[in-house]
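**Q** For reference, the structure I am asking about is given below.
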Amino acid sequence: MKTIIAILLAASSLCSAAPAQAQAQSNTEKKTISEVVDSATKRIERDFVSAAEAMPEDKYSFAPTDGEFKGVRTFAEQIKHYAATNYLVASMILGEKPPVDVNDEKGPDSVKSKPEILKYLNDSFAYAHKAIATITEANVVEPIPSFDGKSTTTRLSLGMLFSWHGYDHYGQMVEYLRMNGIVPPASRK
């Protein structure tokens, strides 16, 4: 009986140690630069898209009017601007022209309905992920043309822009949602 208990205890400890060892190994695996940038982009994508989906279509034209809000973007314009910038930044990383109209970072005038805006946004993230996948150790800090075409930047700098720029506009979208009585999905967790 003592032998059976000893065997069961040994087997039990091995079974519990194996997942812990596998977890420790996965936590210490070296990630590539593109994996790190892509992970940050996926986080903003999750929060940004869920906020865009949460606003009813009839509120997409909402912009605050009380206080000093003259000339601010509407909810829809926030989304289209960010998506257009995603396309622009990704195209710079890839060294090509944007595959869609970015309309001076405003997004296409023809994209108006909530489903069209969400498609434009989601497609911009797909293009961003495609661009991020091309960032390597060899090209991460290689000088490439900047927005103005006169100076240079790096793929790493541009890749970081997906996240920080997204959270600038996400913060504004959260305020717009709350002003309309909507709790942002990321706040419900």
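By convention here, the chains of the structure tokens are called A, B, ... in the order presented, each chain's residues are numbered starting at 1, and ligands are numbered starting at 1 in the order presented.
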Compile the contact shell of Thr134 of chain A as a VMD selection string: residues with an atom at most 9 Å away, counting only C-alpha atoms, same-chain residues fewer than 4 positions apart removed.
**A** chain A and resid 34 93 to 94 129 to 130 139
**Q** Enumerate the residues of chain A with a DSSP assignment of strand (DSSP E or B), computed from the backbone, and present them as a list in words.
**A**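 Here is the list: Ile144, Pro145, Thr152 and Thr153 of chain A.
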**Q** Pick out the residues sitting within 9 Å of Glu57 of chain A, and hand them over as a ChimeraX atom specification; count only C-alpha atoms, and ignore anything fewer than 3 positions along from it in its own chain.
**A** /A:53,60-61,113-115
**Q** Create the file for the chosen residues now, containing N, CA, C and O atoms and written as a PDB file, in the first residue's frame.
**A**
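Output file out00.pdb is given in full below:
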```pdb
ATOM      1  N   GLU A  53     -17.509  49.018 -32.091  1.00  0.00           N
ATOM      2  CA  GLU A  53     -18.713  48.196 -32.231  1.00  0.00           C
ATOM      3  C   GLU A  53     -19.778  48.570 -31.205  1.00  0.00           C
ATOM      4  O   GLU A  53     -20.976  48.419 -31.468  1.00  0.00           O
ATOM      5  N   TYR A  60     -22.839  57.510 -34.339  1.00  0.00           N
ATOM      6  CA  TYR A  60     -21.536  57.639 -34.978  1.00  0.00           C
ATOM      7  C   TYR A  60     -21.233  59.092 -35.355  1.00  0.00           C
ATOM      8  O   TYR A  60     -20.078  59.465 -35.504  1.00  0.00           O
ATOM      9  N   SER A  61     -22.240  59.912 -35.499  1.00  0.00           N
ATOM     10  CA  SER A  61     -22.031  61.327 -35.836  1.00  0.00           C
ATOM     11  C   SER A  61     -21.863  62.188 -34.584  1.00  0.00           C
ATOM     12  O   SER A  61     -21.696  63.406 -34.683  1.00  0.00           O
ATOM     13  N   SER A 113     -21.274  54.456 -43.411  1.00  0.00           N
ATOM     14  CA  SER A 113     -22.099  53.687 -42.471  1.00  0.00           C
ATOM     15  C   SER A 113     -21.209  52.982 -41.448  1.00  0.00           C
ATOM     16  O   SER A 113     -20.013  52.770 -41.668  1.00  0.00           O
ATOM     17  N   LYS A 114     -21.815  52.582 -40.343  1.00  0.00           N
ATOM     18  CA  LYS A 114     -21.067  51.857 -39.315  1.00  0.00           C
ATOM     19  C   LYS A 114     -20.432  50.591 -39.888  1.00  0.00           C
ATOM     20  O   LYS A 114     -19.230  50.368 -39.662  1.00  0.00           O
ATOM     21  N   PRO A 115     -21.164  49.752 -40.643  1.00  0.00           N
ATOM     22  CA  PRO A 115     -20.516  48.553 -41.205  1.00  0.00           C
ATOM     23  C   PRO A 115     -19.333  48.891 -42.130  1.00  0.00           C
ATOM     24  O   PRO A 115     -18.310  48.201 -42.099  1.00  0.00           O
TER      25      PRO A 115
END
```
**Q** Using only C-alpha atoms, which of the listed residues (A:Asp148, A:Asp47, A:Glu137, A:Asp104) sits closest to Thr32 of chain A?
**A** A:Glu137
**Q** What lies within 10 Å of Ser146 of chain A using only C-alpha atoms, ignoring chain neighbours under 2 positions off, as a list of chain:residue names?
**A** A:Val89, A:Met92, A:Ile93, A:Pro143, A:Ile144, A:Asp148, A:Gly149, A:Lys150, A:Ser151, A:Thr152, A:Thr153, A:Thr154, A:Arg155, A:Leu158
**Q** How would the residues just chosen look if you wrote them out with all heavy atoms as an mmCIF file, in the first residue's frame?
**A**
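Below you can see again-v8.cif, which holds the result:
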```cif
data_model
loop_
_atom_site.group_PDB
_atom_site.id
_atom_site.type_symbol
_atom_site.label_atom_id
_atom_site.label_comp_id
_atom_site.auth_asym_id
_atom_site.auth_seq_id
_atom_site.Cartn_x
_atom_site.Cartn_y
_atom_site.Cartn_z
ATOM 1 N N VAL A 89 0.876 54.222 -42.049
ATOM 2 C CA VAL A 89 2.054 53.731 -41.327
ATOM 3 C C VAL A 89 2.491 52.368 -41.873
ATOM 4 O O VAL A 89 3.672 52.133 -42.122
ATOM 5 C CB VAL A 89 1.765 53.661 -39.811
ATOM 6 C CG1 VAL A 89 2.858 52.910 -39.065
ATOM 7 C CG2 VAL A 89 1.593 55.066 -39.242
ATOM 8 N N MET A 92 4.247 52.658 -45.120
ATOM 9 C CA MET A 92 5.613 53.159 -44.964
ATOM 10 C C MET A 92 6.557 52.042 -44.532
ATOM 11 O O MET A 92 7.679 51.942 -45.016
ATOM 12 C CB MET A 92 5.636 54.315 -43.965
ATOM 13 C CG MET A 92 4.918 55.551 -44.489
ATOM 14 S SD MET A 92 4.728 56.831 -43.238
ATOM 15 C CE MET A 92 6.430 57.274 -42.951
ATOM 16 N N ILE A 93 6.093 51.183 -43.624
ATOM 17 C CA ILE A 93 6.914 50.047 -43.190
ATOM 18 C C ILE A 93 7.192 49.136 -44.378
ATOM 19 O O ILE A 93 8.304 48.641 -44.553
ATOM 20 C CB ILE A 93 6.210 49.273 -42.052
ATOM 21 C CG1 ILE A 93 6.192 50.117 -40.774
ATOM 22 C CG2 ILE A 93 6.892 47.922 -41.805
ATOM 23 C CD1 ILE A 93 5.339 49.540 -39.650
ATOM 24 N N PRO A 143 17.133 53.209 -41.516
ATOM 25 C CA PRO A 143 16.424 54.447 -41.864
ATOM 26 C C PRO A 143 15.531 54.249 -43.098
ATOM 27 O O PRO A 143 15.950 53.672 -44.094
ATOM 28 C CB PRO A 143 17.552 55.434 -42.176
ATOM 29 C CG PRO A 143 18.781 54.849 -41.590
ATOM 30 C CD PRO A 143 18.584 53.360 -41.605
ATOM 31 N N ILE A 144 14.285 54.719 -42.966
ATOM 32 C CA ILE A 144 13.338 54.710 -44.083
ATOM 33 C C ILE A 144 12.674 56.086 -44.140
ATOM 34 O O ILE A 144 12.668 56.811 -43.143
ATOM 35 C CB ILE A 144 12.285 53.592 -43.955
ATOM 36 C CG1 ILE A 144 11.477 53.721 -42.660
ATOM 37 C CG2 ILE A 144 12.944 52.207 -44.056
ATOM 38 C CD1 ILE A 144 10.334 52.719 -42.525
ATOM 39 N N ASP A 148 7.031 63.132 -43.810
ATOM 40 C CA ASP A 148 7.241 64.336 -44.626
ATOM 41 C C ASP A 148 8.053 64.070 -45.894
ATOM 42 O O ASP A 148 8.157 64.939 -46.753
ATOM 43 C CB ASP A 148 7.901 65.444 -43.799
ATOM 44 C CG ASP A 148 9.295 65.087 -43.287
ATOM 45 O OD1 ASP A 148 9.865 64.057 -43.712
ATOM 46 O OD2 ASP A 148 9.807 65.843 -42.448
ATOM 47 N N GLY A 149 8.635 62.876 -46.001
ATOM 48 C CA GLY A 149 9.422 62.536 -47.179
ATOM 49 C C GLY A 149 10.795 63.183 -47.206
ATOM 50 O O GLY A 149 11.595 62.917 -48.088
ATOM 51 N N LYS A 150 11.090 64.039 -46.239
ATOM 52 C CA LYS A 150 12.376 64.744 -46.192
ATOM 53 C C LYS A 150 13.299 64.169 -45.128
ATOM 54 O O LYS A 150 14.508 64.226 -45.261
ATOM 55 C CB LYS A 150 12.144 66.227 -45.910
ATOM 56 C CG LYS A 150 11.332 66.917 -46.991
ATOM 57 C CD LYS A 150 11.001 68.340 -46.604
ATOM 58 C CE LYS A 150 10.070 68.954 -47.640
ATOM 59 N NZ LYS A 150 9.482 70.188 -47.203
ATOM 60 N N SER A 151 12.717 63.646 -44.079
ATOM 61 C CA SER A 151 13.516 63.075 -43.000
ATOM 62 C C SER A 151 13.335 61.558 -42.992
ATOM 63 O O SER A 151 12.631 61.014 -43.835
ATOM 64 C CB SER A 151 13.088 63.679 -41.652
ATOM 65 O OG SER A 151 11.716 63.407 -41.414
ATOM 66 N N THR A 152 13.991 60.902 -42.028
ATOM 67 C CA THR A 152 13.875 59.451 -41.937
ATOM 68 C C THR A 152 13.330 59.040 -40.580
ATOM 69 O O THR A 152 13.342 59.817 -39.628
ATOM 70 C CB THR A 152 15.240 58.754 -42.166
ATOM 71 O OG1 THR A 152 16.156 59.184 -41.171
ATOM 72 C CG2 THR A 152 15.774 59.027 -43.566
ATOM 73 N N THR A 153 12.866 57.815 -40.544
ATOM 74 C CA THR A 153 12.387 57.193 -39.315
ATOM 75 C C THR A 153 12.812 55.735 -39.368
ATOM 76 O O THR A 153 13.621 55.362 -40.217
ATOM 77 C CB THR A 153 10.848 57.348 -39.180
ATOM 78 O OG1 THR A 153 10.455 56.893 -37.884
ATOM 79 C CG2 THR A 153 10.095 56.608 -40.264
ATOM 80 N N THR A 154 12.296 54.913 -38.482
ATOM 81 C CA THR A 154 12.608 53.478 -38.496
ATOM 82 C C THR A 154 11.313 52.672 -38.451
ATOM 83 O O THR A 154 10.258 53.184 -38.062
ATOM 84 C CB THR A 154 13.472 53.078 -37.290
ATOM 85 O OG1 THR A 154 12.701 53.262 -36.092
ATOM 86 C CG2 THR A 154 14.761 53.882 -37.228
ATOM 87 N N ARG A 155 11.406 51.422 -38.840
ATOM 88 C CA ARG A 155 10.242 50.530 -38.776
ATOM 89 C C ARG A 155 9.780 50.362 -37.329
ATOM 90 O O ARG A 155 8.587 50.273 -37.065
ATOM 91 C CB ARG A 155 10.572 49.184 -39.408
ATOM 92 C CG ARG A 155 10.631 49.246 -40.921
ATOM 93 C CD ARG A 155 11.114 47.915 -41.531
ATOM 94 N NE ARG A 155 11.212 48.030 -42.976
ATOM 95 C CZ ARG A 155 12.251 48.547 -43.620
ATOM 96 N NH1 ARG A 155 13.309 48.982 -42.942
ATOM 97 N NH2 ARG A 155 12.258 48.623 -44.934
ATOM 98 N N LEU A 158 7.760 53.411 -36.340
ATOM 99 C CA LEU A 158 6.448 53.358 -36.983
ATOM 100 C C LEU A 158 5.583 52.266 -36.367
ATOM 101 O O LEU A 158 4.385 52.471 -36.134
ATOM 102 C CB LEU A 158 6.596 53.134 -38.490
ATOM 103 C CG LEU A 158 7.187 54.302 -39.265
ATOM 104 C CD1 LEU A 158 7.512 53.880 -40.701
ATOM 105 C CD2 LEU A 158 6.249 55.496 -39.259
#
```
**Q** Using only C-alpha atoms, find the one residue out of A:Pro56, A:Glu45, A:Val140, A:Glu35 that sits nearest to Ile182 of chain A.
**A**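 Among the listed residues, A:Pro56 lies closest to Ile182 of chain A.
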**Q** As a PyMOL selection string, list the residues of segment 57-158 of chain A assigned to helix (DSSP H, G or I) by DSSP on the backbone atoms of this structure.
**A** chain A and resi 57-59+75-94+114-132+155-158
**Q** Now that the selection is made, can you save its residues with N, CA and C atoms as a compact mmCIF listing (two decimals), in the first residue's frame?
**A**
```txt
# COMPACT_ATOMS: atom_id res chain seq x y z
N GLU A 57 -25.06 52.90 -34.38
CA GLU A 57 -24.80 53.61 -35.64
C GLU A 57 -25.38 55.03 -35.62
N ASP A 58 -26.52 55.22 -34.98
CA ASP A 58 -27.11 56.56 -34.97
C ASP A 58 -26.32 57.55 -34.11
N LYS A 59 -25.33 57.06 -33.36
CA LYS A 59 -24.47 57.93 -32.55
C LYS A 59 -23.07 58.10 -33.17
N PHE A 75 -17.37 60.66 -33.56
CA PHE A 75 -16.97 59.29 -33.23
C PHE A 75 -16.49 58.57 -34.48
N ALA A 76 -17.27 58.67 -35.56
CA ALA A 76 -16.90 58.02 -36.83
C ALA A 76 -15.59 58.58 -37.37
N GLU A 77 -15.40 59.88 -37.27
CA GLU A 77 -14.17 60.49 -37.78
C GLU A 77 -12.94 60.04 -36.97
N GLN A 78 -13.13 59.80 -35.66
CA GLN A 78 -12.02 59.27 -34.84
C GLN A 78 -11.57 57.92 -35.40
N ILE A 79 -12.54 57.05 -35.68
CA ILE A 79 -12.24 55.71 -36.18
C ILE A 79 -11.59 55.78 -37.55
N LYS A 80 -12.18 56.54 -38.44
CA LYS A 80 -11.65 56.63 -39.81
C LYS A 80 -10.24 57.22 -39.82
N HIS A 81 -9.99 58.22 -38.99
CA HIS A 81 -8.66 58.83 -38.91
C HIS A 81 -7.63 57.79 -38.45
N TYR A 82 -7.96 57.08 -37.39
CA TYR A 82 -7.02 56.08 -36.89
C TYR A 82 -6.78 54.99 -37.93
N ALA A 83 -7.83 54.50 -38.56
CA ALA A 83 -7.69 53.46 -39.58
C ALA A 83 -6.85 53.96 -40.75
N ALA A 84 -7.11 55.20 -41.19
CA ALA A 84 -6.33 55.77 -42.30
C ALA A 84 -4.86 55.87 -41.92
N THR A 85 -4.59 56.24 -40.68
CA THR A 85 -3.21 56.33 -40.22
C THR A 85 -2.57 54.94 -40.17
N ASN A 86 -3.35 53.93 -39.76
CA ASN A 86 -2.83 52.56 -39.78
C ASN A 86 -2.36 52.20 -41.19
N TYR A 87 -3.21 52.50 -42.18
CA TYR A 87 -2.85 52.21 -43.57
C TYR A 87 -1.58 52.95 -43.97
N LEU A 88 -1.50 54.21 -43.61
CA LEU A 88 -0.35 55.03 -43.98
C LEU A 88 0.93 54.51 -43.34
N VAL A 89 0.88 54.22 -42.05
CA VAL A 89 2.05 53.73 -41.33
C VAL A 89 2.49 52.37 -41.87
N ALA A 90 1.53 51.47 -42.07
CA ALA A 90 1.86 50.14 -42.60
C ALA A 90 2.49 50.24 -43.98
N SER A 91 1.96 51.14 -44.80
CA SER A 91 2.52 51.29 -46.15
C SER A 91 3.95 51.81 -46.09
N MET A 92 4.25 52.66 -45.12
CA MET A 92 5.61 53.16 -44.96
C MET A 92 6.56 52.04 -44.53
N ILE A 93 6.09 51.18 -43.62
CA ILE A 93 6.91 50.05 -43.19
C ILE A 93 7.19 49.14 -44.38
N LEU A 94 6.17 48.93 -45.22
CA LEU A 94 6.31 48.05 -46.37
C LEU A 94 7.01 48.70 -47.56
N LYS A 114 -21.81 52.58 -40.34
CA LYS A 114 -21.07 51.86 -39.32
C LYS A 114 -20.43 50.59 -39.89
N PRO A 115 -21.16 49.75 -40.64
CA PRO A 115 -20.52 48.55 -41.20
C PRO A 115 -19.33 48.89 -42.13
N GLU A 116 -19.46 49.94 -42.92
CA GLU A 116 -18.36 50.34 -43.81
C GLU A 116 -17.15 50.82 -43.01
N ILE A 117 -17.42 51.59 -41.97
CA ILE A 117 -16.34 52.12 -41.13
C ILE A 117 -15.64 50.97 -40.39
N LEU A 118 -16.43 50.04 -39.86
CA LEU A 118 -15.83 48.89 -39.17
C LEU A 118 -15.00 48.04 -40.12
N LYS A 119 -15.45 47.87 -41.33
CA LYS A 119 -14.67 47.11 -42.32
C LYS A 119 -13.36 47.84 -42.62
N TYR A 120 -13.44 49.15 -42.82
CA TYR A 120 -12.24 49.95 -43.08
C TYR A 120 -11.26 49.81 -41.91
N LEU A 121 -11.77 49.85 -40.69
CA LEU A 121 -10.94 49.72 -39.49
C LEU A 121 -10.31 48.33 -39.41
N ASN A 122 -11.13 47.30 -39.53
CA ASN A 122 -10.62 45.93 -39.44
C ASN A 122 -9.61 45.63 -40.54
N ASP A 123 -9.89 46.10 -41.74
CA ASP A 123 -8.94 45.90 -42.85
C ASP A 123 -7.63 46.64 -42.59
N SER A 124 -7.71 47.79 -41.91
CA SER A 124 -6.48 48.54 -41.60
C SER A 124 -5.61 47.75 -40.63
N PHE A 125 -6.24 47.05 -39.69
CA PHE A 125 -5.47 46.22 -38.76
C PHE A 125 -4.85 45.03 -39.48
N ALA A 126 -5.57 44.43 -40.41
CA ALA A 126 -5.00 43.31 -41.18
C ALA A 126 -3.76 43.78 -41.94
N TYR A 127 -3.85 44.95 -42.52
CA TYR A 127 -2.70 45.51 -43.26
C TYR A 127 -1.56 45.85 -42.29
N ALA A 128 -1.90 46.35 -41.11
CA ALA A 128 -0.88 46.65 -40.09
C ALA A 128 -0.14 45.38 -39.69
N HIS A 129 -0.88 44.30 -39.44
CA HIS A 129 -0.24 43.03 -39.06
C HIS A 129 0.66 42.51 -40.17
N LYS A 130 0.23 42.69 -41.42
CA LYS A 130 1.06 42.28 -42.56
C LYS A 130 2.38 43.05 -42.54
N ALA A 131 2.30 44.35 -42.30
CA ALA A 131 3.52 45.18 -42.27
C ALA A 131 4.41 44.81 -41.09
N ILE A 132 3.81 44.62 -39.94
CA ILE A 132 4.58 44.29 -38.73
C ILE A 132 5.36 42.99 -38.93
N ARG A 155 11.41 51.42 -38.84
CA ARG A 155 10.24 50.53 -38.78
C ARG A 155 9.78 50.36 -37.33
N LEU A 156 10.72 50.32 -36.40
CA LEU A 156 10.35 50.19 -34.99
C LEU A 156 9.54 51.39 -34.53
N SER A 157 10.00 52.58 -34.87
CA SER A 157 9.27 53.79 -34.50
C SER A 157 7.86 53.79 -35.08
N LEU A 158 7.76 53.41 -36.34
CA LEU A 158 6.45 53.36 -36.98
C LEU A 158 5.58 52.27 -36.37
```
**Q** One number please: atom CA of Pro145 of chain A to atom CA of Val102 of chain A, in Å, one decimal.
**A**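 According to the coordinates, atom CA of Pro145 of chain A and atom CA of Val102 of chain A are separated by 17.9 Å.
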**Q** Give me, as a Markdown table, each residue of segment 46-73 of chain A that comes within 8 Å of segment 159-177 of chain A, together with its shortest interatomic pair and the distance in Å at one decimal, counting only C-alpha atoms, with rows ordered by chain and rising residue number.
**A**
```
| residue | atom | partner | partner_atom | distance |
| --- | --- | --- | --- | --- |
| A:Asp47 | CA | A:Tyr170 | CA | 7.7 |
| A:Phe48 | CA | A:Tyr170 | CA | 5.9 |
| A:Ala51 | CA | A:Met173 | CA | 7.1 |
| A:Ala52 | CA | A:Met173 | CA | 7.9 |
| A:Ala54 | CA | A:Leu177 | CA | 7.9 |
| A:Met55 | CA | A:Leu177 | CA | 6.5 |
| A:Phe62 | CA | A:Tyr176 | CA | 7.5 |
| A:Ala63 | CA | A:Tyr176 | CA | 7.2 |
| A:Pro64 | CA | A:Tyr176 | CA | 7.3 |
```
**Q** Find the distance between atom CA of Glu29 of chain A and atom CA of Thr136 of chain A and write it in Å to one decimal.
**A** 16.8 Å
